[in-house]
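This report refers to the structure that appears directly beneath it.
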Amino acid sequence: MYVAVKGGERAIDNAHAWLAEERRGDPAVSELSLAQIRVQLKLAVNRVMAEGSLFDPDLAALAIKQSRGDLIEAIFLIRAYRTTLPRHGASNPIDTAEMAVDRRVSATFKDLPGGQVLGPTFDYTHRLLDFKLAAEGGVGPVATAPATQGPVPHVTEMLNRDGLIEEAPRDDTPPPDLTRTPLELPASRPLRLQAITRGDEGFILSMAYSTQRGYGRTHAFVGELRIGAVAVEMEIPELGFAVEIGEIEVTECETVNQFKGSKTEPPQFTRGYGLVFGQSERKAIAMSLVDRALRWKELGEDFSGAPAQDEEFVLYHADNIQATGFLEHIKLPHYVDFQAELELVRRLRAETMAMREAVQ
Amino acid sequence: MTDQAYNFAYLDEQTKRMIRRAILKGVAVPGYQVPFASREMPMPYGWGTGGVQVTAACLVPEDRLKVIDQGADDTTNAVSIRKFFQRTAGVEVTEATAEATVIQTRHRIPETALSEGQILVYQVPIPEPLRFLEPRETETRKMHELEEYGLMHVKLYEDIARHGEIATSYAYPVKVEGRYVMDPSPIPKFDNPKLGGNAAIQLFGAGREQRIYAVPPYTQVVSLDFDDHPFVASKAPHDCDLCGASESYLDEVITDDQGSRMYVCSDTDFCATRQEAGHHGRLGVPQFSSKKIAKSLEGFCAAEGVTE
Amino acid sequence: MTINPQTPMGLAPEALFGGFAEAPVQSARAFRALLEAMARPGTIWQVEGAAPPAPLSIAAGVAILTLCDGTTPLHLAGAADCLAVRDWVTFHAGAPLCAAQGAMFAVGTWAELMPVDQFRIGDPDYPDRAATLIVEMPALAPTGPRLTGPGIRETVHLSLPETAAFRANRALFPLGFDTLLCSGDQIAGLPRSTHVEDL
């Protein structure tokens, strides 16, 4: 076989070798294990799973190690791997009312059935550097409470009983799949939610923040935020019933939004929804605000021109893998285009100079 | 050798079928952008994922693949993509335009005329020619539907009013078969005349933007212009300093800090072939080839982090 | 994949044979022929690798295996709508079978596909959402109606079943259906962009 031996090829190989060496760093420092990353950098693992759209903590840990802690690079590795996986089918919708909650808080009610469970949260920690951690201090035993028994009802269901919140009837239409069909606008809510849940956390956060500051304000309360494990079930045609194929940790946020009514809808509370893999609280809350902002049309609200209301703007720019690739591609050679521009500018300048001289 | 861990040409069969269907519809409606469910590839969006997916869907084991970036076979990204297909499809590769059956390109059309049996695959960053006039996909789609291309003519006309000529030097818009206005990818407008009446099949892949489009062989492709300001395919007013070619597109290379310059063919195969045939230009001594120049840049490329 | 004739799908054992033995490579070669056929209307190409049950031709079988799957509703017209073909398509391509109006692909003789205006011609904003007709022909020859348009250097000739329907289809451009003509192991393409004239 004819192989084109190239200078560029050797440059690439050398750059990769150097990268591998940098990744490992000083060999006198012990190497990170995947288990260490999975267990001790769990929130990074969660983000990589959420935006990589693949629930696999071990692979996410590997991606973080391989990417030297660059989470967008890690997400990219997971996405590129995910896209090669065969599809065996679709699971049933998860039932978050059956979640084994580690954390569950409501901002709208002081207490409620199922109780408020703070869980492992940074909230109320004082953000002081803990120098004991630098000395690899162990953690003593922590108090435990018996696990919550039985289903924990959603806050929004309680409001729904009084007719105070918009109905969210069950819909068994299979949702569209963003990864298998090209994005088409206007997008349905399931498609929007899919795009946002795998969208960049920073982008979704900023969009949500902008609604709070008045660019498409939605007056959101966190009706409920819950984090915990839910079962994933799949219908097996040969068996004729669903079997549990595993368990995933998710964060779910439901906002309750003030709504004075519109041309088409009566005054009632409306909903925003966020669901993200793992403990990804900031993302889930941000997602629910952006979801609500994008729903202006179906609720008969006015479009105020806010970026977070603009479906095309949000959906086309939320994906950090698309964004980072296109952004960074401008460091590729562009000298053909630049040459064309150079010729153009020289010609235009020559003409202008000639005209000036003629005037003088 | 094909890497056994991956399917032939990397993509799974279902994905290839989806892309192949989009390509055939693109061929049936020349210049129209067919949406397709672009996959994440193991190289970043914006680095040729659209072209790579189209090439992967077209390749057969018997193919001879040529990959160029900026007209050159040895630019780092071209090397990376060529390596990817050697590894995943086990196809032969070549630098000779005339020998290649599939050519994937970024920003150039080879100087050597293409022939029947060849496929030219373009990497496209922004497939929508109207995008910089109207950022909304929902609007531009409607404009294509209604053949409402007035905005584009207004933009070109404003150029003429301000600069005395159309100030678009690359990605110069064309109209295909009198129907769709199409972005020819960021090729210099020097290359535009080669789009129409070409014997090869021309396929365009935009991965991040999820679009595929096509120009079948012998299709009418017209660069937009005005009767009193006809389209001109311009290039640097020089001959190649290595091979002496006067009709090829040139790169300008700065040779010292005193502002000295040389002009060399951007198409490295074209230039090397001419030199081998005994042509030489102002600086065309045999040991000084464009490949050597590319080689001298390799340290620079690695330091810049162009690794994929 | 293990093949078990007693699968709960209830297929006839014959349906399990006649697919691509080496799908990645065979479908790649087949696609190149289809691409050349569609990009150079009127040229006739040979394909191989499929052995579909009667009345499907080898070429029609290859086209189905190369282009159809669970995401592409397929209409079987006339004699093609038989148990053997239904089972074969279900097993090898997994394409959902459907009526003409919803089809992305349809296979049958020209007479069986009539009236062709029942097929999808795409939407004005998405002209790609149009059907591809896989037409079974008694023979294919470079004679008969004259073709011009994209993909054709000057003119070519192809033995079409008729011309009026294709002229009407061309008048809809950029809407319209696209056609693959099959006979034995031969295939030719006639995209909606082609102008067809009687000689």
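Each chain in the structure tokens gets a letter, A, B, ..., in the order shown, and its residues are numbered from 1; ligands are numbered from 1 in order too.
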Requested in this report: List every residue of stretch 234-293 of chain B that DSSP, applied to the backbone of this structure, assigns to helix (DSSP H, G or I), and report them as a PyMOL selection string.
Outcome: chain B and resi 268-276+290-293
Convert the current residue selection to file output with N, CA, C and O atoms, as a PDB file, in the first residue's frame.
ATOM      1  N   THR B 268      -0.437  21.630  -3.780  1.00  0.00           N
ATOM      2  CA  THR B 268       0.922  21.078  -3.720  1.00  0.00           C
ATOM      3  C   THR B 268       1.154  19.983  -4.749  1.00  0.00           C
ATOM      4  O   THR B 268       2.252  19.857  -5.299  1.00  0.00           O
ATOM      5  N   ASP B 269       0.121  19.181  -5.034  1.00  0.00           N
ATOM      6  CA  ASP B 269       0.281  18.118  -6.032  1.00  0.00           C
ATOM      7  C   ASP B 269       0.498  18.714  -7.419  1.00  0.00           C
ATOM      8  O   ASP B 269       1.375  18.294  -8.176  1.00  0.00           O
ATOM      9  N   PHE B 270      -0.301  19.744  -7.735  1.00  0.00           N
ATOM     10  CA  PHE B 270      -0.193  20.412  -9.023  1.00  0.00           C
ATOM     11  C   PHE B 270       1.215  20.979  -9.208  1.00  0.00           C
ATOM     12  O   PHE B 270       1.861  20.800 -10.242  1.00  0.00           O
ATOM     13  N   CYS B 271       1.709  21.623  -8.159  1.00  0.00           N
ATOM     14  CA  CYS B 271       3.012  22.275  -8.207  1.00  0.00           C
ATOM     15  C   CYS B 271       4.138  21.237  -8.351  1.00  0.00           C
ATOM     16  O   CYS B 271       5.020  21.374  -9.194  1.00  0.00           O
ATOM     17  N   ALA B 272       4.050  20.185  -7.535  1.00  0.00           N
ATOM     18  CA  ALA B 272       5.100  19.159  -7.559  1.00  0.00           C
ATOM     19  C   ALA B 272       5.123  18.452  -8.912  1.00  0.00           C
ATOM     20  O   ALA B 272       6.192  18.182  -9.476  1.00  0.00           O
ATOM     21  N   THR B 273       3.932  18.181  -9.449  1.00  0.00           N
ATOM     22  CA  THR B 273       3.859  17.507 -10.740  1.00  0.00           C
ATOM     23  C   THR B 273       4.487  18.360 -11.836  1.00  0.00           C
ATOM     24  O   THR B 273       5.218  17.865 -12.696  1.00  0.00           O
ATOM     25  N   ARG B 274       4.224  19.658 -11.792  1.00  0.00           N
ATOM     26  CA  ARG B 274       4.818  20.557 -12.791  1.00  0.00           C
ATOM     27  C   ARG B 274       6.334  20.614 -12.658  1.00  0.00           C
ATOM     28  O   ARG B 274       7.058  20.608 -13.652  1.00  0.00           O
ATOM     29  N   GLN B 275       6.799  20.645 -11.408  1.00  0.00           N
ATOM     30  CA  GLN B 275       8.250  20.710 -11.205  1.00  0.00           C
ATOM     31  C   GLN B 275       8.921  19.434 -11.707  1.00  0.00           C
ATOM     32  O   GLN B 275       9.979  19.483 -12.320  1.00  0.00           O
ATOM     33  N   GLU B 276       8.264  18.306 -11.423  1.00  0.00           N
ATOM     34  CA  GLU B 276       8.817  17.044 -11.903  1.00  0.00           C
ATOM     35  C   GLU B 276       8.870  17.010 -13.423  1.00  0.00           C
ATOM     36  O   GLU B 276       9.753  16.389 -14.017  1.00  0.00           O
ATOM     37  N   SER B 290       7.575  22.894  -2.420  1.00  0.00           N
ATOM     38  CA  SER B 290       6.536  23.351  -1.488  1.00  0.00           C
ATOM     39  C   SER B 290       6.375  22.383  -0.330  1.00  0.00           C
ATOM     40  O   SER B 290       5.987  22.755   0.757  1.00  0.00           O
ATOM     41  N   LYS B 291       6.723  21.101  -0.576  1.00  0.00           N
ATOM     42  CA  LYS B 291       6.636  20.126   0.516  1.00  0.00           C
ATOM     43  C   LYS B 291       7.667  20.450   1.589  1.00  0.00           C
ATOM     44  O   LYS B 291       7.427  20.286   2.769  1.00  0.00           O
ATOM     45  N   LYS B 292       8.811  20.933   1.139  1.00  0.00           N
ATOM     46  CA  LYS B 292       9.845  21.295   2.106  1.00  0.00           C
ATOM     47  C   LYS B 292       9.368  22.456   2.968  1.00  0.00           C
ATOM     48  O   LYS B 292       9.615  22.510   4.159  1.00  0.00           O
ATOM     49  N   ILE B 293       8.657  23.375   2.324  1.00  0.00           N
ATOM     50  CA  ILE B 293       8.151  24.525   3.079  1.00  0.00           C
ATOM     51  C   ILE B 293       7.162  24.045   4.132  1.00  0.00           C
ATOM     52  O   ILE B 293       7.230  24.434   5.296  1.00  0.00           O
TER      53      ILE B 293
END
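The shell of residues at most 8 Å from B:Gln210, with only C-alpha atoms counted and near chain neighbours (fewer than 5 positions) removed, consists of Pro182 of chain A; Pro35, Phe36, Ala37, Ser38, Gly50 and Gly205 of chain B.
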Any chance you can output those residues with N, CA, C and O atoms as an mmCIF file, in the first residue's frame?
data_model
loop_
_atom_site.group_PDB
_atom_site.id
_atom_site.type_symbol
_atom_site.label_atom_id
_atom_site.label_comp_id
_atom_site.auth_asym_id
_atom_site.auth_seq_id
_atom_site.Cartn_x
_atom_site.Cartn_y
_atom_site.Cartn_z
ATOM 1 N N PRO A 182 -32.163 15.499 12.690
ATOM 2 C CA PRO A 182 -31.638 16.864 12.726
ATOM 3 C C PRO A 182 -32.616 17.810 13.413
ATOM 4 O O PRO A 182 -33.827 17.663 13.274
ATOM 5 N N PRO B 35 -31.245 18.439 5.558
ATOM 6 C CA PRO B 35 -30.877 18.239 6.964
ATOM 7 C C PRO B 35 -30.504 16.770 7.200
ATOM 8 O O PRO B 35 -31.116 15.876 6.629
ATOM 9 N N PHE B 36 -29.500 16.523 7.998
ATOM 10 C CA PHE B 36 -29.190 15.146 8.373
ATOM 11 C C PHE B 36 -28.732 15.128 9.830
ATOM 12 O O PHE B 36 -28.260 16.131 10.349
ATOM 13 N N ALA B 37 -28.933 13.971 10.468
ATOM 14 C CA ALA B 37 -28.638 13.853 11.902
ATOM 15 C C ALA B 37 -27.155 13.575 12.073
ATOM 16 O O ALA B 37 -26.727 12.457 12.318
ATOM 17 N N SER B 38 -26.382 14.634 11.948
ATOM 18 C CA SER B 38 -24.935 14.521 12.071
ATOM 19 C C SER B 38 -24.556 13.896 13.407
ATOM 20 O O SER B 38 -25.160 14.163 14.423
ATOM 21 N N GLY B 50 -18.392 17.118 8.865
ATOM 22 C CA GLY B 50 -19.383 16.928 7.813
ATOM 23 C C GLY B 50 -18.764 16.212 6.628
ATOM 24 O O GLY B 50 -19.307 15.226 6.116
ATOM 25 N N GLY B 205 -20.533 18.591 2.954
ATOM 26 C CA GLY B 205 -20.978 18.127 4.263
ATOM 27 C C GLY B 205 -20.699 19.159 5.337
ATOM 28 O O GLY B 205 -19.564 19.603 5.500
#
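Atom CA of A:Glu252 lies 10.4 Å from atom CA of A:Arg103.
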Query raised in the report: Using only C-alpha atoms, which chain A residues lie at most 7 Å away from chain B, written as an NGL selection string?
Result: :A and (1-4 or 6-9 or 11-12 or 15 or 79-80 or 83-84 or 179-182 or 185 or 322 or 325-326 or 329 or 332 or 335-337 or 339-341 or 343-344 or 348)
Convert the current residue selection to file output with N, CA and C atoms, as a tab-separated table (two decimals), in the first residue's frame.
chain	number	residue	atom	x	y	z
A	1	MET	N	0.84	-1.19	0.00
A	1	MET	CA	0.00	0.00	0.00
A	1	MET	C	0.87	1.24	0.00
A	2	TYR	N	0.48	2.22	-0.79
A	2	TYR	CA	1.23	3.47	-0.85
A	2	TYR	C	0.87	4.30	0.37
A	3	VAL	N	1.84	4.66	1.15
A	3	VAL	CA	1.59	5.49	2.32
A	3	VAL	C	2.27	6.84	2.12
A	4	ALA	N	1.49	7.88	2.25
A	4	ALA	CA	2.06	9.21	2.12
A	4	ALA	C	2.78	9.56	3.41
A	6	LYS	N	4.64	11.97	5.74
A	6	LYS	CA	4.43	13.40	5.82
A	6	LYS	C	5.15	14.03	6.99
A	7	GLY	N	5.61	15.23	6.80
A	7	GLY	CA	6.12	16.01	7.91
A	7	GLY	C	5.02	16.26	8.93
A	8	GLY	N	3.84	16.60	8.43
A	8	GLY	CA	2.71	16.88	9.30
A	8	GLY	C	2.37	15.69	10.18
A	9	GLU	N	2.52	14.51	9.60
A	9	GLU	CA	2.20	13.29	10.34
A	9	GLU	C	3.14	13.14	11.53
A	11	ALA	N	4.79	15.51	13.03
A	11	ALA	CA	4.49	16.59	13.97
A	11	ALA	C	3.32	16.19	14.87
A	12	ILE	N	2.31	15.59	14.26
A	12	ILE	CA	1.13	15.18	15.02
A	12	ILE	C	1.52	14.11	16.04
A	15	ALA	N	3.41	15.62	18.88
A	15	ALA	CA	2.54	16.43	19.74
A	15	ALA	C	1.73	15.52	20.67
A	79	ARG	N	-19.26	11.81	24.21
A	79	ARG	CA	-20.19	11.94	23.08
A	79	ARG	C	-19.73	11.10	21.88
A	80	ALA	N	-18.44	11.21	21.58
A	80	ALA	CA	-17.91	10.49	20.42
A	80	ALA	C	-18.00	8.98	20.64
A	83	THR	N	-21.95	7.89	20.45
A	83	THR	CA	-22.58	7.85	19.13
A	83	THR	C	-22.30	6.54	18.40
A	84	THR	N	-21.26	5.79	18.84
A	84	THR	CA	-20.96	4.52	18.18
A	84	THR	C	-21.71	3.35	18.80
A	179	THR	N	-30.43	13.20	18.92
A	179	THR	CA	-29.18	12.64	18.41
A	179	THR	C	-29.40	11.82	17.14
A	180	ARG	N	-30.64	11.61	16.76
A	180	ARG	CA	-30.91	10.78	15.58
A	180	ARG	C	-31.65	11.51	14.47
A	181	THR	N	-32.24	12.67	14.80
A	181	THR	CA	-32.91	13.45	13.76
A	181	THR	C	-32.39	14.88	13.84
A	182	PRO	N	-32.16	15.50	12.69
A	182	PRO	CA	-31.64	16.86	12.73
A	182	PRO	C	-32.62	17.81	13.41
A	185	LEU	N	-36.98	23.44	13.71
A	185	LEU	CA	-37.73	24.41	14.50
A	185	LEU	C	-39.06	24.70	13.83
A	322	GLN	N	-20.41	21.37	19.98
A	322	GLN	CA	-20.49	22.10	18.71
A	322	GLN	C	-19.75	23.44	18.82
A	325	GLY	N	-15.81	23.14	19.15
A	325	GLY	CA	-15.20	22.71	17.90
A	325	GLY	C	-15.11	23.85	16.91
A	326	PHE	N	-16.23	24.54	16.77
A	326	PHE	CA	-16.25	25.60	15.76
A	326	PHE	C	-15.37	26.78	16.19
A	329	HIS	N	-11.74	25.82	15.69
A	329	HIS	CA	-11.29	25.50	14.33
A	329	HIS	C	-10.62	26.71	13.67
A	332	LEU	N	-7.06	26.46	12.78
A	332	LEU	CA	-6.62	25.68	11.61
A	332	LEU	C	-6.13	26.64	10.53
A	335	TYR	N	-5.08	30.01	5.23
A	335	TYR	CA	-4.32	30.95	4.41
A	335	TYR	C	-4.85	31.13	3.00
A	336	VAL	N	-5.62	30.17	2.52
A	336	VAL	CA	-6.23	30.35	1.20
A	336	VAL	C	-7.24	31.50	1.24
A	337	ASP	N	-8.12	31.45	2.26
A	337	ASP	CA	-9.11	32.53	2.39
A	337	ASP	C	-8.44	33.86	2.70
A	339	GLN	N	-5.48	34.77	1.89
A	339	GLN	CA	-4.83	35.26	0.68
A	339	GLN	C	-5.84	35.99	-0.20
A	340	ALA	N	-7.04	35.42	-0.31
A	340	ALA	CA	-8.08	36.05	-1.12
A	340	ALA	C	-8.44	37.41	-0.54
A	341	GLU	N	-8.51	37.49	0.78
A	341	GLU	CA	-8.83	38.77	1.43
A	341	GLU	C	-7.68	39.78	1.23
A	343	GLU	N	-5.58	39.95	-1.24
A	343	GLU	CA	-5.62	40.48	-2.61
A	343	GLU	C	-6.70	41.54	-2.73
A	344	LEU	N	-7.85	41.27	-2.10
A	344	LEU	CA	-8.98	42.18	-2.19
A	344	LEU	C	-8.62	43.52	-1.54
A	348	LEU	N	-8.43	47.14	-3.33
A	348	LEU	CA	-9.29	48.24	-2.92
A	348	LEU	C	-8.45	49.44	-2.48
Report task. From stretch 76-216 of chain B, collect each residue whose DSSP state is strand (DSSP E or B) and return the set as a PyMOL selection string. Result -> chain B and resi 92-93+102-106+119-123+170+174-176+180-182+188+201-206+211-215
With C-alpha atoms retained, export the selected residues as a short mmCIF file (atom, residue, chain, number, x, y, z; two decimals), in the first residue's frame.
data_model
loop_
_atom_site.label_atom_id
_atom_site.label_comp_id
_atom_site.auth_asym_id
_atom_site.auth_seq_id
_atom_site.Cartn_x
_atom_site.Cartn_y
_atom_site.Cartn_z
CA GLU B 92 -5.31 3.41 -0.32
CA VAL B 93 -4.32 7.03 -0.20
CA VAL B 102 -12.51 10.32 -3.63
CA ILE B 103 -11.02 13.68 -2.67
CA GLN B 104 -11.94 15.35 0.59
CA THR B 105 -11.12 19.03 0.59
CA ARG B 106 -11.14 22.05 2.79
CA ILE B 119 -16.12 12.40 -6.01
CA LEU B 120 -15.07 15.71 -4.46
CA VAL B 121 -16.21 16.06 -0.83
CA TYR B 122 -16.15 19.55 0.65
CA GLN B 123 -15.90 20.37 4.34
CA TYR B 170 -14.09 33.55 -0.71
CA VAL B 174 -23.53 30.75 -6.46
CA LYS B 175 -26.87 29.82 -7.98
CA VAL B 176 -27.32 26.20 -8.94
CA TYR B 180 -31.00 27.47 -5.16
CA VAL B 181 -28.42 29.97 -3.98
CA MET B 182 -25.63 27.88 -2.49
CA PRO B 188 -11.47 31.37 -2.94
CA ILE B 201 -19.77 14.46 -8.30
CA GLN B 202 -19.43 17.28 -5.76
CA LEU B 203 -20.78 16.63 -2.27
CA PHE B 204 -20.84 19.13 0.59
CA GLY B 205 -20.98 18.13 4.26
CA ALA B 206 -21.62 20.47 7.20
CA ARG B 211 -26.60 19.78 6.36
CA ILE B 212 -25.59 17.89 3.22
CA TYR B 213 -25.87 19.25 -0.31
CA ALA B 214 -24.65 18.32 -3.74
CA VAL B 215 -23.78 19.49 -7.20
#
Report task. Quote the spacing between atom CA of C:Ala21 and atom CA of B:Gln53 in Å to one decimal place. Result ->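 Computed distance, atom CA of C:Ala21 to atom CA of B:Gln53, equals 23.8 Å.
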Report task. Tell me, as a ChimeraX atom specification, which residues lie within 9 Å of stretch 174-182 of chain C, counting only C-alpha atoms; anything in the same chain fewer than 5 positions away does not count. Result -> /B:25,28-30,32,179 /C:34,37-38,57-60,63,116-117,119-124,126-140,160,168-169,187-193
Query - Test item: residues at most 9 Å from C:Ala111, only C-alpha atoms, excluding those fewer than 3 positions along its chain, as a ChimeraX atom specification - result: /C:78,108,114-115,161
Requested in this report: Using only C-alpha atoms, determine which residues lie at most 7 Å from C:Ala50, disregarding the query and same-chain residues fewer than 4 positions distant; provide the list as a VMD selection string.
Outcome: chain C and resid 18 to 20 58 61 to 62
Any chance you could export the current selection's N, CA, C and O atoms as a tab-separated table (two decimals), in the first residue's frame?
chain	number	residue	atom	x	y	z
C	18	GLY	N	-30.66	-14.29	1.67
C	18	GLY	CA	-30.71	-13.34	0.56
C	18	GLY	C	-30.39	-11.92	0.95
C	18	GLY	O	-30.58	-11.00	0.17
C	19	GLY	N	-29.89	-11.72	2.17
C	19	GLY	CA	-29.44	-10.39	2.56
C	19	GLY	C	-27.97	-10.22	2.22
C	19	GLY	O	-27.36	-11.11	1.62
C	20	PHE	N	-27.40	-9.08	2.61
C	20	PHE	CA	-25.97	-8.88	2.40
C	20	PHE	C	-25.21	-9.79	3.36
C	20	PHE	O	-25.48	-9.81	4.56
C	58	ILE	N	-32.94	-8.37	-8.23
C	58	ILE	CA	-31.73	-8.22	-7.42
C	58	ILE	C	-31.48	-6.75	-7.12
C	58	ILE	O	-31.21	-6.35	-5.99
C	61	GLY	N	-33.76	-5.32	-4.58
C	61	GLY	CA	-33.35	-5.85	-3.28
C	61	GLY	C	-32.14	-5.11	-2.74
C	61	GLY	O	-32.09	-4.74	-1.57
C	62	VAL	N	-31.17	-4.87	-3.63
C	62	VAL	CA	-29.96	-4.14	-3.22
C	62	VAL	C	-30.32	-2.72	-2.76
C	62	VAL	O	-29.83	-2.24	-1.74
Report task. Within 10 Å of A:Gly202, counting only C-alpha atoms, which residues show up once you throw out same-chain ones fewer than 2 positions away? Write them as a list in words, please. Result -> Gly199, Asp200, Ile204, Leu205, Ser206, Met207, Ala208, Arg282, Lys283, Ala286, Ala318 and Asn320 of chain A
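Counting only C-alpha atoms and comparing C:Asp198, C:Glu112, C:Glu154, C:Glu14, the residue that lies closest to chain B is C:Glu154.
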Query raised in the report: Any idea what's packed within 12 Å of C:Leu65, counting only C-alpha atoms, ignoring anything in its chain fewer than 6 positions away? Could you give it as a PyMOL selection string?
Result: (chain B and resi 13-14+17) or (chain C and resi 18-24+26-31+34+47-52+58-59+72+74+88-95+105)
Query raised in the report: Nearest to chain A among C:Thr155, C:Thr71, C:Gln101, C:Thr43, with distances taken over only C-alpha atoms: which residue is it?
Result: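 Counting only C-alpha atoms, the residue closest to chain A is C:Thr71.
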Query raised in the report: Distance atom CA of A:Leu54-atom CA of A:Gln194, one decimal place?
Result: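 Going from atom CA of A:Leu54 over to atom CA of A:Gln194 covers 12.7 Å.
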